[in-house]
$ cat final-v8.tsv   # TSV, N, CA and C atoms
chain	number	residue	atom	x	y	z
C	27	GLN	N	20.56	-15.67	-9.47
C	27	GLN	CA	20.36	-14.51	-10.32
C	27	GLN	C	19.26	-13.63	-9.73
C	28	VAL	N	19.61	-12.36	-9.49
C	28	VAL	CA	18.65	-11.43	-8.92
C	28	VAL	C	17.71	-10.92	-10.01
C	29	GLN	N	16.43	-10.93	-9.68
C	29	GLN	CA	15.43	-10.37	-10.59
C	29	GLN	C	14.40	-9.57	-9.81
C	30	LEU	N	14.01	-8.44	-10.36
C	30	LEU	CA	12.87	-7.66	-9.89
C	30	LEU	C	12.01	-7.40	-11.11
C	31	VAL	N	10.80	-7.95	-11.09
C	31	VAL	CA	9.93	-7.87	-12.26
C	31	VAL	C	8.67	-7.10	-11.89
C	32	GLU	N	8.53	-5.91	-12.47
C	32	GLU	CA	7.36	-5.07	-12.20
C	32	GLU	C	6.23	-5.38	-13.18
C	33	SER	N	5.03	-5.11	-12.73
C	33	SER	CA	3.85	-5.22	-13.58
C	33	SER	C	2.77	-4.30	-13.02
C	34	GLY	N	1.73	-4.10	-13.83
C	34	GLY	CA	0.58	-3.33	-13.36
C	34	GLY	C	0.49	-1.92	-13.88
C	35	GLY	N	1.49	-1.48	-14.62
C	35	GLY	CA	1.42	-0.14	-15.19
C	35	GLY	C	0.38	-0.07	-16.30
C	36	GLY	N	0.13	1.14	-16.76
C	36	GLY	CA	-0.83	1.33	-17.84
C	36	GLY	C	-1.29	2.76	-17.91
C	37	SER	N	-2.35	2.97	-18.65
C	37	SER	CA	-2.92	4.31	-18.82
C	37	SER	C	-4.21	4.43	-18.04
C	38	VAL	N	-4.39	5.56	-17.40
C	38	VAL	CA	-5.58	5.77	-16.58
C	38	VAL	C	-5.93	7.25	-16.60
C	39	GLN	N	-7.19	7.55	-16.40
C	39	GLN	CA	-7.62	8.94	-16.34
C	39	GLN	C	-7.34	9.54	-14.97
C	40	PRO	N	-7.22	10.84	-14.89
C	40	PRO	CA	-7.04	11.48	-13.57
C	40	PRO	C	-8.15	11.06	-12.62
C	41	GLY	N	-7.74	10.79	-11.38
C	41	GLY	CA	-8.67	10.29	-10.38
C	41	GLY	C	-8.76	8.79	-10.32
C	42	GLY	N	-8.17	8.12	-11.28
C	42	GLY	CA	-8.21	6.66	-11.32
C	42	GLY	C	-7.18	6.01	-10.41
C	43	SER	N	-7.15	4.69	-10.45
C	43	SER	CA	-6.26	3.90	-9.59
C	43	SER	C	-5.51	2.85	-10.40
C	44	LEU	N	-4.34	2.52	-9.91
C	44	LEU	CA	-3.55	1.41	-10.44
C	44	LEU	C	-2.84	0.74	-9.28
C	45	ARG	N	-2.55	-0.53	-9.45
C	45	ARG	CA	-1.77	-1.26	-8.46
C	45	ARG	C	-0.56	-1.88	-9.15
C	46	LEU	N	0.62	-1.44	-8.74
C	46	LEU	CA	1.86	-2.00	-9.26
C	46	LEU	C	2.31	-3.16	-8.39
C	47	SER	N	2.92	-4.15	-9.03
C	47	SER	CA	3.49	-5.29	-8.32
C	47	SER	C	4.94	-5.46	-8.75
C	48	CYS	N	5.74	-5.98	-7.84
C	48	CYS	CA	7.14	-6.27	-8.14
C	48	CYS	C	7.48	-7.60	-7.48
C	49	VAL	N	7.76	-8.59	-8.31
C	49	VAL	CA	8.12	-9.91	-7.80
C	49	VAL	C	9.63	-10.04	-7.79
C	50	ALA	N	10.17	-10.43	-6.64
C	50	ALA	CA	11.61	-10.50	-6.46
C	50	ALA	C	12.09	-11.94	-6.39
C	51	SER	N	13.33	-12.15	-6.77
C	51	SER	CA	13.97	-13.45	-6.64
C	51	SER	C	15.48	-13.27	-6.60
C	52	GLY	N	16.15	-14.25	-6.00
C	52	GLY	CA	17.61	-14.25	-6.03
C	52	GLY	C	18.31	-13.56	-4.88
C	53	PHE	N	17.54	-13.07	-3.90
C	53	PHE	CA	18.14	-12.45	-2.72
C	53	PHE	C	17.15	-12.61	-1.55
C	54	PRO	N	17.61	-12.43	-0.31
C	54	PRO	CA	16.73	-12.62	0.85
C	54	PRO	C	15.74	-11.46	1.00
C	55	PHE	N	14.65	-11.57	0.30
C	55	PHE	CA	13.67	-10.48	0.16
C	55	PHE	C	13.25	-9.91	1.52
C	56	SER	N	12.93	-10.75	2.47
C	56	SER	CA	12.37	-10.27	3.73
C	56	SER	C	13.34	-9.40	4.52
C	57	SER	N	14.62	-9.48	4.20
C	57	SER	CA	15.63	-8.70	4.94
C	57	SER	C	15.93	-7.35	4.30
C	58	TYR	N	15.38	-7.12	3.13
C	58	TYR	CA	15.71	-5.93	2.36
C	58	TYR	C	14.64	-4.85	2.51
C	59	THR	N	15.09	-3.59	2.44
C	59	THR	CA	14.19	-2.47	2.24
C	59	THR	C	13.76	-2.46	0.78
C	60	MET	N	12.46	-2.34	0.56
C	60	MET	CA	11.94	-2.31	-0.80
C	60	MET	C	11.38	-0.91	-1.08
C	61	ASN	N	11.67	-0.43	-2.26
C	61	ASN	CA	11.31	0.94	-2.63
C	61	ASN	C	10.65	0.98	-4.00
C	62	TRP	N	9.85	1.99	-4.19
C	62	TRP	CA	9.36	2.36	-5.51
C	62	TRP	C	9.90	3.75	-5.83
C	63	TYR	N	10.55	3.84	-6.98
C	63	TYR	CA	11.01	5.12	-7.51
C	63	TYR	C	10.21	5.42	-8.78
C	64	ARG	N	10.28	6.65	-9.22
C	64	ARG	CA	9.70	6.99	-10.52
C	64	ARG	C	10.56	8.04	-11.21
C	65	GLN	N	10.47	8.03	-12.53
C	65	GLN	CA	11.19	9.02	-13.31
C	65	GLN	C	10.30	9.50	-14.44
C	66	ALA	N	10.00	10.78	-14.39
C	66	ALA	CA	9.21	11.41	-15.43
C	66	ALA	C	10.15	11.95	-16.51
C	67	PRO	N	9.64	12.18	-17.71
C	67	PRO	CA	10.48	12.72	-18.79
C	67	PRO	C	11.18	14.01	-18.37
C	68	SER	N	12.46	14.08	-18.62
C	68	SER	CA	13.29	15.26	-18.35
C	68	SER	C	13.42	15.57	-16.86
C	69	LYS	N	13.09	14.60	-16.00
C	69	LYS	CA	13.23	14.80	-14.55
C	69	LYS	C	14.12	13.73	-13.96
C	70	GLU	N	14.65	14.00	-12.77
C	70	GLU	CA	15.48	13.02	-12.09
C	70	GLU	C	14.60	11.94	-11.46
C	71	ARG	N	15.18	10.80	-11.29
C	71	ARG	CA	14.47	9.71	-10.61
C	71	ARG	C	14.25	10.11	-9.15
C	72	GLU	N	13.06	9.86	-8.64
C	72	GLU	CA	12.74	10.22	-7.27
C	72	GLU	C	12.13	9.04	-6.52
C	73	LEU	N	12.39	9.04	-5.22
C	73	LEU	CA	11.83	8.01	-4.34
C	73	LEU	C	10.37	8.33	-4.07
C	74	VAL	N	9.51	7.37	-4.32
C	74	VAL	CA	8.08	7.55	-4.11
C	74	VAL	C	7.64	6.98	-2.77
C	75	ALA	N	8.09	5.74	-2.49
C	75	ALA	CA	7.67	5.08	-1.25
C	75	ALA	C	8.68	4.01	-0.89
C	76	GLU	N	8.81	3.76	0.40
C	76	GLU	CA	9.69	2.69	0.85
C	76	GLU	C	9.02	1.91	1.97
C	77	ILE	N	9.42	0.65	2.08
C	77	ILE	CA	8.94	-0.18	3.18
C	77	ILE	C	10.14	-0.98	3.69
C	78	LEU	N	10.42	-0.82	4.98
C	78	LEU	CA	11.55	-1.50	5.57
C	78	LEU	C	11.20	-2.94	5.89
C	79	ASN	N	12.20	-3.70	6.31
C	79	ASN	CA	11.94	-5.09	6.67
C	79	ASN	C	11.11	-5.18	7.95
C	80	THR	N	10.95	-4.06	8.65
C	80	THR	CA	10.09	-4.00	9.83
C	80	THR	C	8.67	-3.61	9.48
C	81	ASP	N	8.41	-3.40	8.19
C	81	ASP	CA	7.12	-2.93	7.68
C	81	ASP	C	6.87	-1.45	7.92
C	82	ARG	N	7.85	-0.74	8.44
C	82	ARG	CA	7.72	0.72	8.53
C	82	ARG	C	7.73	1.29	7.12
C	83	THR	N	6.88	2.26	6.87
C	83	THR	CA	6.76	2.85	5.54
C	83	THR	C	7.03	4.35	5.57
C	84	ASP	N	7.40	4.86	4.42
C	84	ASP	CA	7.58	6.30	4.27
C	84	ASP	C	7.23	6.66	2.83
C	85	TYR	N	6.77	7.92	2.64
C	85	TYR	CA	6.28	8.34	1.34
C	85	TYR	C	6.79	9.74	0.98
C	86	ALA	N	6.93	9.97	-0.31
C	86	ALA	CA	7.17	11.33	-0.77
C	86	ALA	C	5.95	12.18	-0.45
C	87	ASP	N	6.18	13.45	-0.15
C	87	ASP	CA	5.07	14.33	0.20
C	87	ASP	C	4.02	14.38	-0.91
C	88	SER	N	4.46	14.27	-2.14
C	88	SER	CA	3.54	14.42	-3.27
C	88	SER	C	2.55	13.27	-3.40
C	89	VAL	N	2.80	12.15	-2.72
C	89	VAL	CA	1.91	10.99	-2.85
C	89	VAL	C	1.27	10.59	-1.53
C	90	LYS	N	1.62	11.26	-0.44
C	90	LYS	CA	1.06	10.90	0.87
C	90	LYS	C	-0.46	11.00	0.84
C	91	GLY	N	-1.11	9.97	1.38
C	91	GLY	CA	-2.56	9.95	1.41
C	91	GLY	C	-3.19	9.38	0.14
C	92	ARG	N	-2.39	9.20	-0.90
C	92	ARG	CA	-2.92	8.65	-2.15
C	92	ARG	C	-2.31	7.29	-2.50
C	93	PHE	N	-1.04	7.09	-2.16
C	93	PHE	CA	-0.34	5.84	-2.48
C	93	PHE	C	-0.13	5.04	-1.20
C	94	ARG	N	-0.08	3.73	-1.38
C	94	ARG	CA	0.20	2.85	-0.24
C	94	ARG	C	1.12	1.73	-0.70
C	95	ILE	N	2.24	1.56	0.01
C	95	ILE	CA	3.18	0.50	-0.29
C	95	ILE	C	2.97	-0.63	0.70
C	96	SER	N	3.08	-1.86	0.23
C	96	SER	CA	2.96	-3.02	1.10
C	96	SER	C	3.84	-4.13	0.56
C	97	ARG	N	4.06	-5.15	1.38
C	97	ARG	CA	4.90	-6.26	0.96
C	97	ARG	C	4.34	-7.57	1.47
C	98	ASP	N	4.61	-8.62	0.71
C	98	ASP	CA	4.24	-9.98	1.08
C	98	ASP	C	5.52	-10.79	1.04
C	99	ASN	N	6.08	-11.05	2.21
C	99	ASN	CA	7.38	-11.74	2.25
C	99	ASN	C	7.27	-13.19	1.79
C	100	MET	N	6.13	-13.80	2.00
C	100	MET	CA	5.96	-15.18	1.53
C	100	MET	C	5.98	-15.25	0.01
C	101	GLU	N	5.34	-14.27	-0.63
C	101	GLU	CA	5.30	-14.23	-2.10
C	101	GLU	C	6.46	-13.45	-2.70
C	102	LYS	N	7.31	-12.85	-1.84
C	102	LYS	CA	8.45	-12.05	-2.30
C	102	LYS	C	7.99	-10.98	-3.27
C	103	THR	N	6.97	-10.28	-2.87
C	103	THR	CA	6.36	-9.28	-3.73
C	103	THR	C	6.13	-7.99	-2.95
C	104	VAL	N	6.38	-6.87	-3.62
C	104	VAL	CA	6.07	-5.56	-3.06
C	104	VAL	C	5.04	-4.90	-3.99
C	105	TYR	N	4.11	-4.19	-3.37
C	105	TYR	CA	3.01	-3.58	-4.11
C	105	TYR	C	3.03	-2.06	-3.91
C	106	LEU	N	2.47	-1.38	-4.89
C	106	LEU	CA	2.21	0.05	-4.74
C	106	LEU	C	0.79	0.31	-5.23
C	107	GLN	N	-0.10	0.57	-4.28
C	107	GLN	CA	-1.47	0.92	-4.61
C	107	GLN	C	-1.52	2.43	-4.82
C	108	MET	N	-1.94	2.84	-5.99
C	108	MET	CA	-1.97	4.27	-6.33
C	108	MET	C	-3.41	4.70	-6.59
C	109	ASN	N	-3.89	5.59	-5.78
C	109	ASN	CA	-5.26	6.09	-5.89
C	109	ASN	C	-5.26	7.57	-6.21
C	110	ASN	N	-6.39	8.05	-6.72
C	110	ASN	CA	-6.54	9.47	-7.05
C	110	ASN	C	-5.36	9.97	-7.87
C	111	LEU	N	-5.05	9.25	-8.92
C	111	LEU	CA	-3.88	9.57	-9.73
C	111	LEU	C	-4.04	10.92	-10.42
C	112	LYS	N	-2.91	11.60	-10.55
C	112	LYS	CA	-2.88	12.92	-11.17
C	112	LYS	C	-1.96	12.90	-12.39
C	113	ASN	N	-2.11	13.89	-13.24
C	113	ASN	CA	-1.26	13.97	-14.44
C	113	ASN	C	0.22	13.92	-14.06
C	114	ASP	N	0.58	14.58	-12.95
C	114	ASP	CA	1.97	14.64	-12.53
C	114	ASP	C	2.53	13.29	-12.06
C	115	ASP	N	1.67	12.30	-11.91
C	115	ASP	CA	2.14	10.97	-11.53
C	115	ASP	C	2.64	10.19	-12.74
C	116	THR	N	2.48	10.73	-13.93
C	116	THR	CA	2.96	10.06	-15.13
C	116	THR	C	4.48	9.91	-15.07
C	117	ALA	N	4.93	8.67	-15.20
C	117	ALA	CA	6.37	8.38	-15.10
C	117	ALA	C	6.59	6.89	-15.33
C	118	VAL	N	7.85	6.53	-15.46
C	118	VAL	CA	8.22	5.12	-15.38
C	118	VAL	C	8.50	4.82	-13.91
C	119	TYR	N	7.87	3.78	-13.40
C	119	TYR	CA	8.00	3.40	-12.00
C	119	TYR	C	8.93	2.19	-11.89
C	120	TYR	N	9.88	2.32	-10.97
C	120	TYR	CA	10.91	1.29	-10.80
C	120	TYR	C	10.85	0.69	-9.41
C	121	CYS	N	10.97	-0.60	-9.36
C	121	CYS	CA	11.11	-1.31	-8.10
C	121	CYS	C	12.59	-1.36	-7.72
C	122	ASN	N	12.88	-1.21	-6.45
C	122	ASN	CA	14.27	-1.14	-5.98
C	122	ASN	C	14.39	-1.90	-4.66
C	123	ALA	N	15.49	-2.62	-4.52
C	123	ALA	CA	15.76	-3.35	-3.29
C	123	ALA	C	17.12	-2.92	-2.73
C	124	LYS	N	17.17	-2.67	-1.44
C	124	LYS	CA	18.43	-2.26	-0.79
C	124	LYS	C	18.64	-3.08	0.47
C	125	GLY	N	19.91	-3.56	0.62
C	125	GLY	CA	20.25	-4.28	1.83
C	125	GLY	C	21.65	-4.84	1.74
C	126	TYR	N	22.31	-4.95	2.90
C	126	TYR	CA	23.64	-5.54	2.95
C	126	TYR	C	24.60	-4.88	1.96
C	127	SER	N	24.52	-3.56	1.84
C	127	SER	CA	25.38	-2.77	0.94
C	127	SER	C	25.16	-3.12	-0.52
C	128	ARG	N	24.03	-3.71	-0.83
C	128	ARG	CA	23.71	-4.04	-2.22
C	128	ARG	C	22.42	-3.35	-2.62
C	129	GLU	N	22.27	-3.18	-3.93
C	129	GLU	CA	21.10	-2.49	-4.46
C	129	GLU	C	20.74	-3.12	-5.80
C	130	TYR	N	19.45	-3.35	-5.99
C	130	TYR	CA	18.98	-3.95	-7.23
C	130	TYR	C	17.81	-3.14	-7.78
C	131	TRP	N	17.67	-3.17	-9.12
C	131	TRP	CA	16.63	-2.42	-9.80
C	131	TRP	C	15.84	-3.32	-10.74
C	132	GLY	N	14.57	-3.01	-10.87
C	132	GLY	CA	13.75	-3.63	-11.89
C	132	GLY	C	13.87	-2.85	-13.19
C	133	GLN	N	13.15	-3.33	-14.20
C	133	GLN	CA	13.25	-2.73	-15.54
C	133	GLN	C	12.31	-1.55	-15.71
C	134	GLY	N	11.36	-1.40	-14.82
C	134	GLY	CA	10.43	-0.27	-14.87
C	134	GLY	C	9.13	-0.61	-15.56
C	135	THR	N	8.08	0.10	-15.15
C	135	THR	CA	6.78	-0.04	-15.78
C	135	THR	C	6.18	1.35	-15.95
C	136	GLN	N	5.60	1.59	-17.12
C	136	GLN	CA	5.10	2.92	-17.46
C	136	GLN	C	3.72	3.14	-16.86
C	137	VAL	N	3.56	4.30	-16.23
C	137	VAL	CA	2.25	4.75	-15.75
C	137	VAL	C	1.96	6.08	-16.43
C	138	THR	N	0.83	6.13	-17.12
C	138	THR	CA	0.42	7.35	-17.82
C	138	THR	C	-0.94	7.79	-17.32
C	139	VAL	N	-1.01	9.01	-16.83
C	139	VAL	CA	-2.28	9.56	-16.34
C	139	VAL	C	-2.66	10.70	-17.28
C	140	SER	N	-3.77	10.52	-17.96
C	140	SER	CA	-4.17	11.51	-18.96
C	140	SER	C	-5.66	11.39	-19.23
C	141	SER	N	-6.27	12.53	-19.50
C	141	SER	CA	-7.68	12.53	-19.86
C	141	SER	C	-7.84	12.46	-21.38
$ encode --input "final-v8.tsv" --output "structure tokens"
Amino acid sequence: QVQLVESGGGSVQPGGSLRLSCVASGFPFSSYTMNWYRQAPSKERELVAEILNTDRTDYADSVKGRFRISRDNMEKTVYLQMNNLKNDDTAVYYCNAKGYSREYWGQGTQVTVSS
């Protein structure tokens, strides 16, 4: 049974930091590209960051220099370190796994940035 379980969301003031975690099970984690998406109210879901099985990373322009994605293949966990958070970062953040023509999603974790 495939599972992606996110944690680490919450409320923070602008300029603050949060670290999201996503623990995976049920598929060969180290072979998959792992992604973080987000969806703000009334907006489409967008790709925030990705990390390939080679550890190559890529980021949306809006988060470059502020967010960092990483993975621990032994722990089957992907992280998203978010620094200097802005109001526009408020969204539900989803963990996503892609590989071998398959795709899996987590349930999402809410991040709210507000003063």
$ closest_residue --input "final-v8.tsv" --among "C:Thr116, C:Ser88, C:Gln107, C:Ser33" --to "Val137 (chain C)" --atoms "all atoms listed in the file"
C:Thr116
$ atom_distance --input "final-v8.tsv" --atom1 "CA of Ser57 (chain C)" --atom2 "CA of Gln136 (chain C)"
27.3 Å
$ select_by_dssp --input "final-v8.tsv" --residues "region 34-109 of chain C" --states "strand (DSSP E)" --output "ChimeraX atom specification"
/C:36-38,44-51,59-65,72-77,83-85,93-98,103-108
$ residues_around --input "final-v8.tsv" --residues "region 76-86 of chain C" --least-positions-apart "3" --cutoff "7 Å" --atoms "all atoms listed in the file" --output "number ranges by chain"
C: 56-62, 73, 89-90, 95-96
$ residues_near_point --input "final-v8.tsv" --point "(5.4, 11.8, -20.0)" --cutoff "8 Å" --atoms "only N, CA and C atoms" --output "list in words"
Gln65, Ala66, Pro67, Ser68, Asp115, Thr116, Ala117, Val118, Val137, Thr138 and Val139 of chain C
$ atom_distance --input "final-v8.tsv" --atom1 "CA of Gly134 (chain C)" --atom2 "CA of Leu46 (chain C)"
10.4 Å
$ select_by_dssp --input "final-v8.tsv" --residues "chain C" --states "helix (DSSP H, G or I)" --output "JSON, numbers by chain"
{"C": [55, 56, 57, 113, 114, 115]}
$ atom_distance --input "final-v8.tsv" --atom1 "CA of Gly35 (chain C)" --atom2 "CA of Thr135 (chain C)"
5.4 Å
$ residues_around --input "final-v8.tsv" --residues "region 48-53 of chain C" --least-positions-apart "5" --cutoff "6.5 Å" --atoms "only N, CA and C atoms" --output "short mmCIF file (atom, residue, chain, number, x, y, z; two decimals) with N, CA and C atoms, keeping the file's coordinate frame"
data_model
loop_
_atom_site.label_atom_id
_atom_site.label_comp_id
_atom_site.auth_asym_id
_atom_site.auth_seq_id
_atom_site.Cartn_x
_atom_site.Cartn_y
_atom_site.Cartn_z
N GLN C 27 20.56 -15.67 -9.47
CA GLN C 27 20.36 -14.51 -10.32
C GLN C 27 19.26 -13.63 -9.73
N VAL C 28 19.61 -12.36 -9.49
CA VAL C 28 18.65 -11.43 -8.92
C VAL C 28 17.71 -10.92 -10.01
N GLN C 29 16.43 -10.93 -9.68
CA GLN C 29 15.43 -10.37 -10.59
C GLN C 29 14.40 -9.57 -9.81
N LEU C 30 14.01 -8.44 -10.36
CA LEU C 30 12.87 -7.66 -9.89
C LEU C 30 12.01 -7.40 -11.11
N VAL C 31 10.80 -7.95 -11.09
CA VAL C 31 9.93 -7.87 -12.26
C VAL C 31 8.67 -7.10 -11.89
N GLU C 32 8.53 -5.91 -12.47
CA GLU C 32 7.36 -5.07 -12.20
C GLU C 32 6.23 -5.38 -13.18
N SER C 33 5.03 -5.11 -12.73
CA SER C 33 3.85 -5.22 -13.58
C SER C 33 2.77 -4.30 -13.02
N GLU C 101 5.34 -14.27 -0.63
CA GLU C 101 5.30 -14.23 -2.10
C GLU C 101 6.46 -13.45 -2.70
N LYS C 102 7.31 -12.85 -1.84
CA LYS C 102 8.45 -12.05 -2.30
C LYS C 102 7.99 -10.98 -3.27
N THR C 103 6.97 -10.28 -2.87
CA THR C 103 6.36 -9.28 -3.73
C THR C 103 6.13 -7.99 -2.95
N VAL C 104 6.38 -6.87 -3.62
CA VAL C 104 6.07 -5.56 -3.06
C VAL C 104 5.04 -4.90 -3.99
N TYR C 105 4.11 -4.19 -3.37
CA TYR C 105 3.01 -3.58 -4.11
C TYR C 105 3.03 -2.06 -3.91
N LEU C 106 2.47 -1.38 -4.89
CA LEU C 106 2.21 0.05 -4.74
C LEU C 106 0.79 0.31 -5.23
N CYS C 121 10.97 -0.60 -9.36
CA CYS C 121 11.11 -1.31 -8.10
C CYS C 121 12.59 -1.36 -7.72
#
$ closest_residue --input "final-v8.tsv" --among "C:Tyr126, C:Leu44, C:Gly34, C:Asn113" --to "Ser140 (chain C)" --atoms "all atoms listed in the file"
C:Asn113
$ axis_aligned_box --input "final-v8.tsv" --around "region 76-92 of chain C" --padding-each-side "8 Å" --output "lines of an AutoDock Vina configuration file"
center_x = 4.5
center_y = 4.6
center_z = 3.2
size_x = 31.4
size_y = 35.6
size_z = 29.2
